[in-house]
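Student: Have a peek at start-v4.cif (mmCIF, C-alpha atoms).
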```
data_data
loop_
_atom_site.label_atom_id
_atom_site.label_comp_id
_atom_site.auth_asym_id
_atom_site.auth_seq_id
_atom_site.Cartn_x
_atom_site.Cartn_y
_atom_site.Cartn_z
CA MET A 1 22.29 105.21 11.99
CA ASP A 2 23.02 101.60 11.14
CA VAL A 3 22.13 99.37 14.10
CA LEU A 4 23.77 95.93 14.10
CA LEU A 5 21.58 93.02 15.23
CA PHE A 6 22.82 89.71 16.63
CA GLY A 7 21.44 86.30 17.58
CA MET A 8 17.73 86.04 18.34
CA VAL A 9 17.30 89.77 17.70
CA ALA A 10 18.57 89.38 14.11
CA GLU A 11 16.33 86.33 13.66
CA LYS A 12 13.25 88.27 14.80
CA ALA A 13 14.12 91.17 12.49
CA GLY A 14 15.01 88.93 9.55
CA ALA A 15 18.12 91.06 9.04
CA ILE A 16 21.58 91.63 10.50
CA SER A 17 21.12 95.41 10.68
CA ILE A 18 18.42 98.06 10.65
CA ASP A 19 18.61 101.77 9.84
CA LEU A 20 17.02 103.99 12.50
CA GLU A 21 17.38 107.58 13.68
CA ALA A 22 17.34 108.30 17.41
CA GLY A 23 18.68 111.03 19.66
CA SER A 24 18.96 108.87 22.77
CA LEU A 25 19.11 105.24 23.84
CA VAL A 26 15.56 105.42 25.24
CA GLU A 27 14.30 106.64 21.86
CA LEU A 28 16.35 103.99 20.04
CA ARG A 29 14.95 101.20 22.24
CA ARG A 30 11.40 102.42 21.56
CA LYS A 31 11.98 102.57 17.81
CA LEU A 32 13.61 99.13 17.81
CA GLU A 33 10.65 97.62 19.63
CA LEU A 34 8.23 99.25 17.16
CA SER A 35 10.28 98.04 14.18
CA ILE A 36 10.96 94.45 15.28
CA PRO A 37 7.83 92.49 16.24
CA GLY A 38 8.22 90.64 19.54
CA LEU A 39 11.46 92.39 20.54
CA GLU A 40 9.85 93.80 23.69
CA ARG A 41 9.47 90.21 24.96
CA LEU A 42 13.17 89.43 24.54
CA SER A 43 15.93 90.21 26.97
CA TYR A 44 18.58 92.27 25.18
CA VAL A 45 21.19 94.96 25.75
CA ILE A 46 22.46 97.77 23.57
CA ALA A 47 26.17 98.35 23.08
CA VAL A 48 27.47 101.75 22.03
CA ASP A 49 30.97 101.76 20.56
CA ARG A 50 31.44 98.17 21.83
CA LYS A 51 30.47 98.93 25.44
CA VAL A 52 27.17 97.79 26.93
CA VAL A 53 25.19 100.83 28.10
CA LEU A 54 22.43 100.27 30.65
CA ASN A 55 21.32 103.87 31.21
CA ASP A 56 20.00 106.47 28.80
CA ARG A 57 22.50 108.63 26.95
CA ALA A 58 22.49 111.00 24.00
CA LEU A 59 23.36 109.64 20.57
CA THR A 60 24.92 111.67 17.76
CA GLY A 61 24.43 109.11 14.98
CA SER A 62 28.14 108.47 14.52
CA GLU A 63 28.34 105.70 17.14
CA GLU A 64 28.58 101.98 16.42
CA ILE A 65 25.35 100.53 17.84
CA ALA A 66 24.75 96.81 18.41
CA VAL A 67 21.73 95.03 19.86
CA LEU A 68 22.81 91.91 21.71
CA PRO A 69 20.70 89.04 23.04
CA PRO A 70 21.58 87.22 26.27
CA PHE A 71 24.69 85.12 25.95
CA ALA A 72 26.57 82.60 28.03
CA GLY A 73 30.28 81.95 28.13
CA GLY A 74 32.25 78.95 29.03
#
```
Could you render the structure as structure tokens?
Tutor:
Amino acid sequence: MDVLLFGMVAEKAGAISIDLEAGSLVELRRKLELSIPGLERLSYVIAVDRKVVLNDRALTGSEEIAVLPPFAGG
């Protein structure tokens, strides 16, 4: 699946997306942290189909996945 990366996460990865296969969010988070050096030290959330998901859930591979750093609004 194509995982979109934003902000500091994209900077760490040196790319705006990464291709990974994962059957769950827990597995995806583990693979992301193995693929992007230093990611485990950043605060980030994962959005599935444009909704932030905080708990584990199954992934089919057809979802839109985005990794978002902390952000502030104003």
Student: With a distance cut-off of 8 Å and only C-alpha atoms, select the neighbouring residues of Ile18 of chain A, excluding the residue or stretch itself and same-chain residues fewer than 4 positions from it, and output the selection as a list in words.
Tutor: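 Contacts, in chain order: Asp2, Val3, Leu4 and Leu5 of chain A.
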Student: Expand the PyMOL selection byres ((chain A and resi 62) around 12) into the explicit residue set it covers here, and present it as an MDAnalysis selection string.
Tutor: chainID A and resid 1:3 21:23 48:49 58:61 63:65
Student: Give me a file of those residues, with C-alpha atoms, as a PDB file, in the frame of the given file.
Tutor:
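New file result39.pdb:
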```
ATOM      1  CA  MET A   1      22.290 105.210  11.990  1.00  0.00           C
ATOM      2  CA  ASP A   2      23.020 101.600  11.140  1.00  0.00           C
ATOM      3  CA  VAL A   3      22.130  99.370  14.100  1.00  0.00           C
ATOM      4  CA  GLU A  21      17.380 107.580  13.680  1.00  0.00           C
ATOM      5  CA  ALA A  22      17.340 108.300  17.410  1.00  0.00           C
ATOM      6  CA  GLY A  23      18.680 111.030  19.660  1.00  0.00           C
ATOM      7  CA  VAL A  48      27.470 101.750  22.030  1.00  0.00           C
ATOM      8  CA  ASP A  49      30.970 101.760  20.560  1.00  0.00           C
ATOM      9  CA  ALA A  58      22.490 111.000  24.000  1.00  0.00           C
ATOM     10  CA  LEU A  59      23.360 109.640  20.570  1.00  0.00           C
ATOM     11  CA  THR A  60      24.920 111.670  17.760  1.00  0.00           C
ATOM     12  CA  GLY A  61      24.430 109.110  14.980  1.00  0.00           C
ATOM     13  CA  GLU A  63      28.340 105.700  17.140  1.00  0.00           C
ATOM     14  CA  GLU A  64      28.580 101.980  16.420  1.00  0.00           C
ATOM     15  CA  ILE A  65      25.350 100.530  17.840  1.00  0.00           C
TER      16      ILE A  65
END
```
Student: If we count only C-alpha atoms, what is near Lys31 of chain A at a cut-off of 10 Å, once residues fewer than 4 positions away on the same chain are taken out, given as a PyMOL selection string?
Tutor: chain A and resi 20-22+25-27+35-36
Student: Output C-alpha atoms of each residue in that selection to a file, as an mmCIF file, in the coordinates of the input.
Tutor:
```
data_model
loop_
_atom_site.group_PDB
_atom_site.id
_atom_site.type_symbol
_atom_site.label_atom_id
_atom_site.label_comp_id
_atom_site.auth_asym_id
_atom_site.auth_seq_id
_atom_site.Cartn_x
_atom_site.Cartn_y
_atom_site.Cartn_z
ATOM 1 C CA LEU A 20 17.020 103.990 12.500
ATOM 2 C CA GLU A 21 17.380 107.580 13.680
ATOM 3 C CA ALA A 22 17.340 108.300 17.410
ATOM 4 C CA LEU A 25 19.110 105.240 23.840
ATOM 5 C CA VAL A 26 15.560 105.420 25.240
ATOM 6 C CA GLU A 27 14.300 106.640 21.860
ATOM 7 C CA SER A 35 10.280 98.040 14.180
ATOM 8 C CA ILE A 36 10.960 94.450 15.280
#
```
Student: Got a sec to resolve the PyMOL selection byres ((chain A and resi 12) around 9) on this structure and send the residues as a list in words?
Tutor: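 Here the PyMOL selection byres ((chain A and resi 12) around 9) matches Gly7, Met8, Val9, Ala10, Glu11, Ala13, Gly14, Ala15, Ile36, Pro37, Gly38 and Leu39 of chain A.
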Student: Within 7 Å of Leu68 of chain A, counting only C-alpha atoms, which residues qualify if same-chain residues fewer than 6 places away don't, as a ChimeraX atom specification?
Tutor: /A:5-6,44-46
Student: Find, counting only C-alpha atoms, the residue in A:Asp56, A:Phe71, A:Ser43, A:Ile16 that gets nearest to Leu28 of chain A.
Tutor: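 Checking each of A:Asp56, A:Phe71, A:Ser43, A:Ile16 against Leu28 of chain A, counting only C-alpha atoms, the winner is A:Asp56.
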Student: Nearest to Pro70 of chain A: which of A:Val52, A:Leu34, A:Arg29, A:Ser17 is it, counting all atoms listed in the file?
Tutor: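 Using all atoms listed in the file, the shortest distance to Pro70 of chain A belongs to A:Val52.
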